[in-house]
>>> print(open('run.cif').read())   # mmCIF, C-alpha atoms
data_coords
loop_
_atom_site.group_PDB
_atom_site.id
_atom_site.type_symbol
_atom_site.label_atom_id
_atom_site.label_comp_id
_atom_site.auth_asym_id
_atom_site.auth_seq_id
_atom_site.Cartn_x
_atom_site.Cartn_y
_atom_site.Cartn_z
ATOM 1 C CA MET N 17 -48.408 34.748 42.701
ATOM 2 C CA SER N 18 -46.849 31.992 44.782
ATOM 3 C CA VAL N 19 -43.468 30.512 43.946
ATOM 4 C CA PRO N 20 -43.407 26.685 43.888
ATOM 5 C CA VAL N 21 -41.004 25.002 46.326
ATOM 6 C CA LEU N 22 -38.294 23.157 44.467
ATOM 7 C CA PRO N 23 -38.320 19.378 45.052
ATOM 8 C CA TRP N 24 -34.682 19.336 46.105
ATOM 9 C CA ALA N 25 -35.272 22.060 48.663
ATOM 10 C CA ALA N 26 -38.148 20.137 50.201
ATOM 11 C CA ALA N 27 -36.048 16.975 50.311
ATOM 12 C CA PHE N 28 -33.175 18.849 51.939
ATOM 13 C CA ALA N 29 -35.484 20.316 54.556
ATOM 14 C CA ALA N 30 -36.948 16.876 55.319
ATOM 15 C CA ILE N 31 -33.488 15.340 55.708
ATOM 16 C CA ALA N 32 -32.324 18.180 57.937
ATOM 17 C CA ALA N 33 -35.408 17.870 60.113
ATOM 18 C CA GLY N 34 -34.905 14.121 60.364
ATOM 19 C CA LEU N 35 -31.280 14.524 61.436
ATOM 20 C CA VAL N 36 -32.215 17.096 64.071
ATOM 21 C CA LEU N 37 -34.917 14.762 65.386
ATOM 22 C CA LEU N 38 -32.471 11.832 65.433
ATOM 23 C CA ARG N 39 -29.992 13.851 67.472
ATOM 24 C CA LEU N 40 -32.685 15.005 69.890
ATOM 25 C CA LEU N 41 -34.127 11.531 70.418
ATOM 26 C CA THR N 42 -30.685 9.943 70.828
ATOM 27 C CA SER N 43 -29.539 12.537 73.368
ATOM 28 C CA ARG N 44 -32.757 12.304 75.390
ATOM 29 C CA ARG N 45 -32.673 8.507 75.366
ATOM 30 C CA TYR N 46 -29.254 8.266 76.980
ATOM 31 C CA ALA N 47 -29.809 11.183 79.347
ATOM 32 C CA ARG N 48 -33.000 9.521 80.562
ATOM 33 C CA GLY N 49 -31.665 5.952 80.772
ATOM 34 C CA ARG N 50 -28.463 6.470 82.748
ATOM 35 C CA PRO N 51 -29.807 7.353 86.208
ATOM 36 C CA THR N 52 -32.101 4.318 86.417
ATOM 37 C CA ARG N 53 -29.716 1.606 85.233
ATOM 38 C CA LEU N 54 -26.463 3.100 86.505
ATOM 39 C CA PRO N 55 -27.175 5.246 89.589
ATOM 40 C CA LEU N 56 -24.431 7.492 90.907
ATOM 41 C CA GLY N 57 -23.109 7.354 94.440
ATOM 42 C CA ALA N 58 -22.404 10.356 96.646
ATOM 43 C CA ASP N 59 -18.876 10.521 95.191
ATOM 44 C CA GLY N 60 -20.206 10.976 91.647
ATOM 45 C CA ILE N 61 -19.129 7.483 90.619
ATOM 46 C CA ILE N 62 -21.543 4.790 89.449
ATOM 47 C CA VAL N 63 -22.322 2.499 92.374
ATOM 48 C CA GLY N 64 -19.907 -0.447 92.225
ATOM 49 C CA ALA N 65 -17.623 1.163 89.631
ATOM 50 C CA GLY N 66 -15.015 2.641 91.958
ATOM 51 C CA PRO N 67 -11.310 1.754 92.051
ATOM 52 C CA ILE N 68 -10.152 -1.466 93.707
ATOM 53 C CA SER N 69 -7.256 -1.453 96.175
ATOM 54 C CA LEU N 70 -6.293 -4.702 97.891
ATOM 55 C CA PRO N 71 -3.415 -4.087 100.322
ATOM 56 C CA PRO N 72 -0.911 -6.722 101.405
ATOM 57 C CA ASP N 73 -1.808 -9.315 104.015
ATOM 58 C CA SER N 74 1.814 -9.542 105.125
ATOM 59 C CA ALA N 75 3.346 -7.997 108.233
ATOM 60 C CA PRO N 76 3.950 -4.217 108.329
ATOM 61 C CA GLY N 77 7.183 -3.245 106.616
ATOM 62 C CA THR N 78 7.113 -6.172 104.196
ATOM 63 C CA ARG N 79 7.243 -4.962 100.592
ATOM 64 C CA GLN N 80 4.857 -7.369 98.886
ATOM 65 C CA PRO N 81 4.931 -7.477 95.067
ATOM 66 C CA ALA N 82 2.206 -5.412 93.416
ATOM 67 C CA VAL N 83 0.173 -5.664 90.244
ATOM 68 C CA LEU N 84 -1.545 -2.841 88.391
ATOM 69 C CA LEU N 85 -4.700 -3.833 86.481
ATOM 70 C CA LEU N 86 -6.103 -1.529 83.780
ATOM 71 C CA HIS N 87 -9.710 -1.829 82.579
ATOM 72 C CA GLY N 88 -11.110 -1.302 79.091
ATOM 73 C CA PHE N 89 -12.712 1.474 77.063
ATOM 74 C CA GLY N 90 -15.984 2.664 78.586
ATOM 75 C CA ASP N 91 -15.760 0.012 81.292
ATOM 76 C CA THR N 92 -14.873 0.009 84.996
ATOM 77 C CA PRO N 93 -12.692 -1.869 87.538
ATOM 78 C CA GLN N 94 -15.704 -4.133 88.133
ATOM 79 C CA THR N 95 -14.647 -6.158 85.057
ATOM 80 C CA LEU N 96 -11.378 -7.006 86.830
ATOM 81 C CA ALA N 97 -12.779 -7.754 90.296
ATOM 82 C CA HIS N 98 -12.534 -11.565 89.963
ATOM 83 C CA LEU N 99 -8.935 -11.385 88.753
ATOM 84 C CA ALA N 100 -7.994 -8.822 91.419
ATOM 85 C CA ALA N 101 -9.335 -11.039 94.216
ATOM 86 C CA TYR N 102 -7.589 -14.121 92.820
ATOM 87 C CA LEU N 103 -4.202 -12.397 92.579
ATOM 88 C CA HIS N 104 -4.590 -10.909 96.052
ATOM 89 C CA ASP N 105 -5.320 -14.373 97.435
ATOM 90 C CA HIS N 106 -2.044 -15.505 95.855
ATOM 91 C CA GLY N 107 0.111 -12.881 97.533
ATOM 92 C CA TRP N 108 -0.104 -9.772 95.383
ATOM 93 C CA THR N 109 -0.960 -6.233 96.377
ATOM 94 C CA VAL N 110 -3.517 -5.197 93.771
ATOM 95 C CA ARG N 111 -4.518 -1.817 92.401
ATOM 96 C CA VAL N 112 -7.285 -1.320 89.810
ATOM 97 C CA PRO N 113 -7.811 2.415 89.168
ATOM 98 C CA LEU N 114 -10.901 3.936 87.588
ATOM 99 C CA LEU N 115 -9.640 5.705 84.474
ATOM 100 C CA PRO N 116 -10.609 9.364 83.923
ATOM 101 C CA GLY N 117 -14.146 9.900 82.658
ATOM 102 C CA HIS N 118 -15.125 6.283 83.146
ATOM 103 C CA GLY N 119 -17.780 5.123 85.597
ATOM 104 C CA ARG N 120 -19.281 8.571 85.962
ATOM 105 C CA THR N 121 -21.789 10.590 83.913
ATOM 106 C CA LEU N 122 -22.034 10.462 80.143
ATOM 107 C CA GLY N 123 -20.982 14.108 80.056
ATOM 108 C CA GLU N 124 -17.747 13.412 81.957
ATOM 109 C CA TRP N 125 -17.091 10.345 79.819
ATOM 110 C CA ALA N 126 -17.574 12.375 76.631
ATOM 111 C CA ARG N 127 -15.043 15.042 77.658
ATOM 112 C CA THR N 128 -12.015 12.810 78.300
ATOM 113 C CA ARG N 129 -9.120 12.095 75.947
ATOM 114 C CA ALA N 130 -6.583 9.354 75.316
ATOM 115 C CA ALA N 131 -3.886 11.485 76.946
ATOM 116 C CA ASP N 132 -5.929 11.532 80.177
ATOM 117 C CA TRP N 133 -6.115 7.717 80.271
ATOM 118 C CA LEU N 134 -2.411 7.286 79.503
ATOM 119 C CA ASP N 135 -1.338 9.876 82.077
ATOM 120 C CA ALA N 136 -3.516 8.288 84.769
ATOM 121 C CA ALA N 137 -2.065 4.834 84.030
ATOM 122 C CA ARG N 138 1.496 6.220 84.202
ATOM 123 C CA THR N 139 0.777 7.919 87.530
ATOM 124 C CA GLU N 140 -0.672 4.744 89.043
ATOM 125 C CA LEU N 141 2.268 2.655 87.836
ATOM 126 C CA ALA N 142 4.817 5.147 89.169
ATOM 127 C CA ALA N 143 3.164 5.127 92.595
ATOM 128 C CA LEU N 144 3.304 1.328 92.854
ATOM 129 C CA ARG N 145 6.923 1.238 91.685
ATOM 130 C CA ARG N 146 7.934 3.602 94.484
ATOM 131 C CA GLN N 147 6.223 1.466 97.136
ATOM 132 C CA HIS N 148 7.123 -2.093 96.079
ATOM 133 C CA ASP N 149 10.149 -4.152 95.101
ATOM 134 C CA ALA N 150 8.493 -5.705 92.064
ATOM 135 C CA VAL N 151 5.506 -4.661 89.960
ATOM 136 C CA ALA N 152 3.549 -6.440 87.241
ATOM 137 C CA LEU N 153 1.331 -4.786 84.652
ATOM 138 C CA VAL N 154 -1.959 -6.311 83.425
ATOM 139 C CA GLY N 155 -4.381 -4.764 80.941
ATOM 140 C CA LEU N 156 -7.786 -5.803 79.620
ATOM 141 C CA SER N 157 -8.960 -4.661 76.164
ATOM 142 C CA MET N 158 -8.039 -0.947 75.882
ATOM 143 C CA GLY N 159 -6.262 -1.400 79.213
ATOM 144 C CA GLY N 160 -4.045 -3.891 77.375
ATOM 145 C CA ALA N 161 -3.228 -1.253 74.773
ATOM 146 C CA LEU N 162 -2.396 1.259 77.520
ATOM 147 C CA ALA N 163 -0.249 -1.336 79.289
ATOM 148 C CA THR N 164 1.625 -1.999 76.043
ATOM 149 C CA VAL N 165 2.519 1.674 75.713
ATOM 150 C CA LEU N 166 3.723 1.828 79.341
ATOM 151 C CA ALA N 167 5.764 -1.365 79.001
ATOM 152 C CA ALA N 168 7.412 -0.045 75.845
ATOM 153 C CA GLU N 169 8.320 3.206 77.612
ATOM 154 C CA GLU N 170 9.954 1.178 80.387
ATOM 155 C CA SER N 171 11.895 -0.960 77.913
ATOM 156 C CA VAL N 172 13.130 2.091 76.001
ATOM 157 C CA ARG N 173 14.280 3.804 79.217
ATOM 158 C CA ASP N 174 16.211 0.725 80.325
ATOM 159 C CA SER N 175 17.815 0.341 76.907
ATOM 160 C CA ALA N 176 18.839 3.994 76.746
ATOM 161 C CA SER N 177 20.294 4.268 80.259
ATOM 162 C CA GLY N 178 21.717 0.789 80.663
ATOM 163 C CA THR N 179 20.890 1.029 84.389
ATOM 164 C CA ARG N 180 17.764 0.983 86.502
ATOM 165 C CA ASP N 181 16.678 3.617 88.992
ATOM 166 C CA GLY N 182 17.324 2.038 92.378
ATOM 167 C CA HIS N 183 14.409 3.909 93.934
ATOM 168 C CA THR N 184 11.729 2.313 91.758
ATOM 169 C CA ALA N 185 10.720 -1.307 91.336
ATOM 170 C CA ARG N 186 11.316 -3.140 88.124
ATOM 171 C CA ILE N 187 8.368 -4.295 86.020
ATOM 172 C CA VAL N 188 8.687 -8.063 86.166
ATOM 173 C CA ALA N 189 5.972 -9.066 83.714
ATOM 174 C CA LEU N 190 3.271 -7.853 81.355
ATOM 175 C CA VAL N 191 -0.100 -9.522 80.713
ATOM 176 C CA LEU N 192 -2.356 -8.460 77.848
ATOM 177 C CA ILE N 193 -5.902 -9.860 78.099
ATOM 178 C CA ALA N 194 -7.847 -9.503 74.838
ATOM 179 C CA PRO N 195 -5.736 -6.404 74.071
ATOM 180 C CA TYR N 196 -7.497 -3.859 71.867
ATOM 181 C CA LEU N 197 -4.936 -3.632 69.065
ATOM 182 C CA ALA N 198 -7.244 -3.406 66.052
ATOM 183 C CA MET N 199 -10.514 -1.689 65.164
ATOM 184 C CA ALA N 200 -13.362 -2.784 62.912
ATOM 185 C CA TRP N 201 -13.715 -0.860 59.636
ATOM 186 C CA TRP N 202 -16.871 0.907 60.779
ATOM 187 C CA MET N 203 -15.123 2.136 63.926
ATOM 188 C CA ARG N 204 -12.173 3.422 61.910
ATOM 189 C CA THR N 205 -14.650 5.248 59.664
ATOM 190 C CA LEU N 206 -16.481 6.697 62.659
ATOM 191 C CA ALA N 207 -13.170 7.839 64.144
ATOM 192 C CA SER N 208 -11.928 9.510 60.962
ATOM 193 C CA LEU N 209 -15.252 11.280 60.351
ATOM 194 C CA HIS N 210 -16.098 12.055 63.975
ATOM 195 C CA ARG N 211 -16.266 15.828 63.444
ATOM 196 C CA VAL N 212 -18.843 15.389 60.689
ATOM 197 C CA ILE N 213 -20.850 12.641 62.380
ATOM 198 C CA ALA N 214 -20.963 13.975 65.955
ATOM 199 C CA PRO N 215 -23.314 16.943 65.284
ATOM 200 C CA VAL N 216 -25.892 14.518 63.912
ATOM 201 C CA MET N 217 -25.211 11.395 65.983
ATOM 202 C CA PRO N 218 -23.837 12.438 69.392
ATOM 203 C CA TYR N 219 -23.836 8.868 70.726
ATOM 204 C CA ALA N 220 -23.148 5.488 69.122
ATOM 205 C CA TYR N 221 -23.826 1.950 70.252
ATOM 206 C CA ALA N 222 -21.067 -0.624 70.626
ATOM 207 C CA GLY N 223 -21.563 -2.973 67.671
ATOM 208 C CA GLY N 224 -20.900 -6.657 67.185
ATOM 209 C CA GLY N 225 -23.165 -8.064 69.879
ATOM 210 C CA PRO N 226 -22.525 -8.452 73.624
ATOM 211 C CA SER N 227 -18.905 -8.647 74.752
ATOM 212 C CA ILE N 228 -19.906 -10.825 77.743
ATOM 213 C CA LEU N 229 -21.641 -14.124 76.916
ATOM 214 C CA ASP N 230 -22.546 -15.107 80.485
ATOM 215 C CA PRO N 231 -26.035 -13.568 80.930
ATOM 216 C CA ALA N 232 -25.676 -13.127 84.689
ATOM 217 C CA GLU N 233 -22.367 -11.265 84.364
ATOM 218 C CA ARG N 234 -23.663 -9.269 81.413
ATOM 219 C CA GLN N 235 -26.578 -8.071 83.532
ATOM 220 C CA GLN N 236 -24.194 -6.908 86.281
ATOM 221 C CA ASN N 237 -21.838 -5.062 83.939
ATOM 222 C CA LEU N 238 -21.531 -1.331 84.629
ATOM 223 C CA ALA N 239 -20.471 -0.137 81.181
ATOM 224 C CA TYR N 240 -22.737 2.342 79.388
ATOM 225 C CA GLY N 241 -22.693 0.315 76.181
ATOM 226 C CA VAL N 242 -22.546 3.628 74.334
ATOM 227 C CA THR N 243 -19.830 6.035 73.272
ATOM 228 C CA THR N 244 -19.374 9.167 71.177
ATOM 229 C CA PRO N 245 -17.722 9.551 67.759
ATOM 230 C CA ARG N 246 -14.943 11.667 69.268
ATOM 231 C CA LEU N 247 -14.214 9.082 71.942
ATOM 232 C CA VAL N 248 -13.909 6.436 69.223
ATOM 233 C CA ASN N 249 -11.257 8.670 67.672
ATOM 234 C CA GLU N 250 -9.457 8.825 71.029
ATOM 235 C CA LEU N 251 -9.573 5.022 71.197
ATOM 236 C CA ALA N 252 -8.111 4.888 67.688
ATOM 237 C CA TYR N 253 -5.184 6.982 68.960
ATOM 238 C CA VAL N 254 -4.515 4.471 71.751
ATOM 239 C CA VAL N 255 -4.689 1.573 69.295
ATOM 240 C CA ARG N 256 -2.159 3.196 66.952
ATOM 241 C CA ALA N 257 0.188 4.011 69.842
ATOM 242 C CA ALA N 258 0.012 0.436 71.174
ATOM 243 C CA ARG N 259 0.607 -1.147 67.763
ATOM 244 C CA ALA N 260 3.670 1.041 67.285
ATOM 245 C CA ALA N 261 4.888 0.176 70.798
ATOM 246 C CA LEU N 262 4.726 -3.631 70.484
ATOM 247 C CA PRO N 263 8.213 -4.104 68.930
ATOM 248 C CA GLN N 264 9.754 -2.010 71.728
ATOM 249 C CA VAL N 265 8.380 -4.193 74.540
ATOM 250 C CA THR N 266 11.133 -6.392 75.987
ATOM 251 C CA ILE N 267 9.389 -7.290 79.265
ATOM 252 C CA PRO N 268 8.174 -10.944 79.513
ATOM 253 C CA THR N 269 4.663 -10.839 78.050
ATOM 254 C CA LEU N 270 1.649 -13.127 78.200
ATOM 255 C CA LEU N 271 -1.300 -12.694 75.824
ATOM 256 C CA VAL N 272 -4.646 -14.242 76.790
ATOM 257 C CA GLN N 273 -7.339 -14.400 74.132
ATOM 258 C CA SER N 274 -10.737 -16.070 73.713
ATOM 259 C CA ARG N 275 -11.331 -17.856 70.430
ATOM 260 C CA PHE N 276 -14.881 -16.461 70.544
ATOM 261 C CA ASP N 277 -13.926 -12.821 71.082
ATOM 262 C CA ASN N 278 -16.360 -10.674 69.061
ATOM 263 C CA ARG N 279 -14.194 -7.542 69.284
ATOM 264 C CA ILE N 280 -10.689 -8.804 68.494
ATOM 265 C CA ARG N 281 -10.104 -11.459 65.824
ATOM 266 C CA PRO N 282 -7.785 -14.415 66.550
ATOM 267 C CA ALA N 283 -5.537 -13.246 63.719
ATOM 268 C CA THR N 284 -4.915 -9.979 65.595
ATOM 269 C CA ALA N 285 -3.717 -11.839 68.691
ATOM 270 C CA GLU N 286 -1.379 -13.970 66.575
ATOM 271 C CA TRP N 287 -0.043 -10.877 64.822
ATOM 272 C CA ALA N 288 0.513 -9.148 68.180
ATOM 273 C CA LEU N 289 2.513 -12.102 69.473
ATOM 274 C CA GLY N 290 4.798 -11.919 66.461
ATOM 275 C CA ALA N 291 5.137 -8.119 66.716
ATOM 276 C CA LEU N 292 6.158 -8.150 70.386
ATOM 277 C CA GLY N 293 9.841 -7.441 70.888
ATOM 278 C CA SER N 294 10.121 -9.572 74.023
ATOM 279 C CA PRO N 295 12.041 -12.832 73.630
ATOM 280 C CA ASP N 296 9.929 -14.285 76.451
ATOM 281 C CA LYS N 297 6.323 -14.281 75.236
ATOM 282 C CA ARG N 298 3.373 -16.631 75.045
ATOM 283 C CA LEU N 299 -0.187 -16.701 73.708
ATOM 284 C CA VAL N 300 -2.819 -18.628 75.692
ATOM 285 C CA TRP N 301 -6.180 -19.410 74.081
ATOM 286 C CA ILE N 302 -9.378 -19.563 76.118
ATOM 287 C CA ASP N 303 -12.102 -21.708 74.543
ATOM 288 C CA ARG N 304 -14.986 -19.993 76.334
ATOM 289 C CA GLY N 305 -16.272 -16.477 76.833
ATOM 290 C CA GLY N 306 -16.375 -13.385 74.660
ATOM 291 C CA HIS N 307 -14.265 -10.239 74.778
ATOM 292 C CA VAL N 308 -14.404 -9.405 78.495
ATOM 293 C CA ILE N 309 -13.109 -12.827 79.530
ATOM 294 C CA THR N 310 -12.148 -11.691 83.025
ATOM 295 C CA VAL N 311 -15.805 -11.952 84.049
ATOM 296 C CA ASP N 312 -17.171 -14.278 81.373
ATOM 297 C CA HIS N 313 -17.340 -18.054 81.057
ATOM 298 C CA GLY N 314 -13.840 -19.332 81.778
ATOM 299 C CA HIS N 315 -12.697 -16.404 83.913
ATOM 300 C CA GLU N 316 -11.260 -18.882 86.439
ATOM 301 C CA GLU N 317 -8.933 -20.226 83.759
ATOM 302 C CA VAL N 318 -7.893 -16.684 82.871
ATOM 303 C CA ALA N 319 -7.058 -15.849 86.488
ATOM 304 C CA SER N 320 -5.072 -19.055 86.931
ATOM 305 C CA CYS N 321 -2.884 -18.604 83.865
ATOM 306 C CA VAL N 322 -2.268 -14.917 84.673
ATOM 307 C CA ASN N 323 -1.177 -15.781 88.220
ATOM 308 C CA ASP N 324 1.073 -18.594 86.976
ATOM 309 C CA TRP N 325 2.788 -16.249 84.533
ATOM 310 C CA LEU N 326 3.366 -13.555 87.141
ATOM 311 C CA ALA N 327 4.632 -16.058 89.724
ATOM 312 C CA THR N 328 7.048 -17.588 87.221
ATOM 313 C CA HIS N 329 8.565 -14.201 86.464
ATOM 314 C CA MET N 330 9.046 -13.082 90.038
#
>>> encode(input="run.cif", output="structure tokens")
Amino acid sequence: MSVPVLPWAAAFAAIAAGLVLLRLLTSRRYARGRPTRLPLGADGIIVGAGPISLPPDSAPGTRQPAVLLLHGFGDTPQTLAHLAAYLHDHGWTVRVPLLPGHGRTLGEWARTRAADWLDAARTELAALRRQHDAVALVGLSMGGALATVLAAEESVRDSASGTRDGHTARIVALVLIAPYLAMAWWMRTLASLHRVIAPVMPYAYAGGGPSILDPAERQQNLAYGVTTPRLVNELAYVVRAARAALPQVTIPTLLVQSRFDNRIRPATAEWALGALGSPDKRLVWIDRGGHVITVDHGHEEVASCVNDWLATHM
């Protein structure tokens, strides 16, 4: 005599099978799509996604001022290429590192942590400060959050010691371009539940539409456009650290924000300006472009106002 299958058991089995299929299809989709759209070079880095180093044009022995540019979450130095070239043309030595895990394979990207990105940014900044008389710090999106943490650490050190290490350059200015200082509710949920969600949904799309409105620049962008639940949790850690660091920043700070940013609301930029501890701070609005405004419509205006701020604070 056969035993009838309980309805709830059948439903559970169907759901489980569907989740397994969803995970399989999602994983295969991204594994298959990466090599064709984002081919790797011989160095294991996506072609065009490598670090940018623009040395001084001045005579040997001249210690030209330097600027460190930090890119965003899941992105590459390519998003800062226009700004890097503009600042170099105006007399700055420029360094744009490729943060750990970024611009490589999805597997490498998925293994990195917030601590890796922060440590890499600190190392790059320390190297420039040893080689130059003055250094500026510029961050885009998550790079802005990382830059905020580094600037706060510098301010706290100066306040505690009362003196500056004569062997390292001072940080003359900070620029935060569309700094990632808040997360949408669905991203906060994904971050908090990442251990539960990841076994079923190993990858997640970036929501909210394209972050670059210029179709030509959007086509050239080298970001995956995909992340993992655990990486969203790592991003949440950076956001919390940057928000806590804002009141400790005393370095002159410029915020640059598009009114049409689909990642960061205007209210967040206004809140960040008020939270900054620096007495010398300013918020500049860009009336074109989306979130990645360094390559979007109006990127020339962004580069000009960043250069003006850095030059003023030399």
>>> residues_around(input="run.cif", residues="Glu170 of chain N", least_positions_apart="2", cutoff="9 Å", atoms="all atoms listed in the file", output="PyMOL selection string")
chain N and resi 165-168+172-175+186-187+265-267
>>> resolve_selection(input="run.cif", expression="the PyMOL selection byres ((chain N and resi 253-262) around 6)", output="JSON, numbers by chain")
{"N": [161, 164, 165, 168, 197, 250, 251, 252, 263, 264, 265, 291, 292]}
>>> resolve_selection(input="run.cif", expression="the PyMOL selection byres ((chain N and resi 64) around 10)", output="PyMOL selection string")
chain N and resi 54-57+61-63+65-68+92-94+119+236-238
>>> closest_residue(input="run.cif", among="N:Ala319, N:Met158, N:Leu86, N:Ala130", to="His98 of chain N", atoms="all atoms listed in the file")
N:Ala319
>>> residues_around(input="run.cif", residues="Pro72 of chain N", least_positions_apart="4", cutoff="8 Å", atoms="only C-alpha atoms", output="ChimeraX atom specification")
/N:80,104,107-109
>>> resolve_selection(input="run.cif", expression="the PyMOL selection byres ((chain N and resi 217-233) around 7)", output="ChimeraX atom specification")
/N:39,42-43,213-216,234-237,241-245,278,305-308,311-313
>>> atom_distance(input="run.cif", atom1="atom CA of Gly90 of chain N", atom2="atom CA of Trp325 of chain N")
27.3 Å
>>> closest_residue(input="run.cif", among="N:Leu190, N:Val272, N:Ala131, N:Leu85", to="Gly314 of chain N", atoms="only C-alpha atoms")
N:Val272
>>> atom_distance(input="run.cif", atom1="atom CA of Val191 of chain N", atom2="atom CA of Val322 of chain N")
7.0 Å
>>> atom_distance(input="run.cif", atom1="atom CA of Gly159 of chain N", atom2="atom CA of Ser208 of chain N")
22.0 Å
>>> residues_around(input="run.cif", residues="segment 137-152 of chain N", least_positions_apart="4", cutoff="6 Å", atoms="all atoms listed in the file", output="ChimeraX atom specification")
/N:79,81-83,184-189
>>> closest_residue(input="run.cif", among="N:Ala283, N:Met203, N:Val112, N:Leu270", to="Ala136 of chain N", atoms="only C-alpha atoms")
N:Val112
>>> residues_around(input="run.cif", residues="Ala194 of chain N", least_positions_apart="4", cutoff="10 Å", atoms="only C-alpha atoms", output="PyMOL selection string")
chain N and resi 88+155-161+271-274+277+279-282+284-285+306-310
>>> axis_aligned_box(input="run.cif", around="segment 255-271 of chain N", padding_each_side="3 Å", output="lines of an AutoDock Vina configuration file")
center_x = 3.2
center_y = -4.6
center_z = 73.2
size_x = 21.8
size_y = 23.1
size_z = 18.6
>>> closest_residue(input="run.cif", among="N:Leu247, N:Thr328, N:Val318, N:Met199", to="Asp132 of chain N", atoms="all atoms listed in the file")
N:Leu247
>>> residues_around(input="run.cif", residues="Arg275 of chain N", least_positions_apart="5", cutoff="7 Å", atoms="all atoms listed in the file", output="list of chain:residue names")
N:Pro282, N:Trp301, N:Ile302, N:Asp303
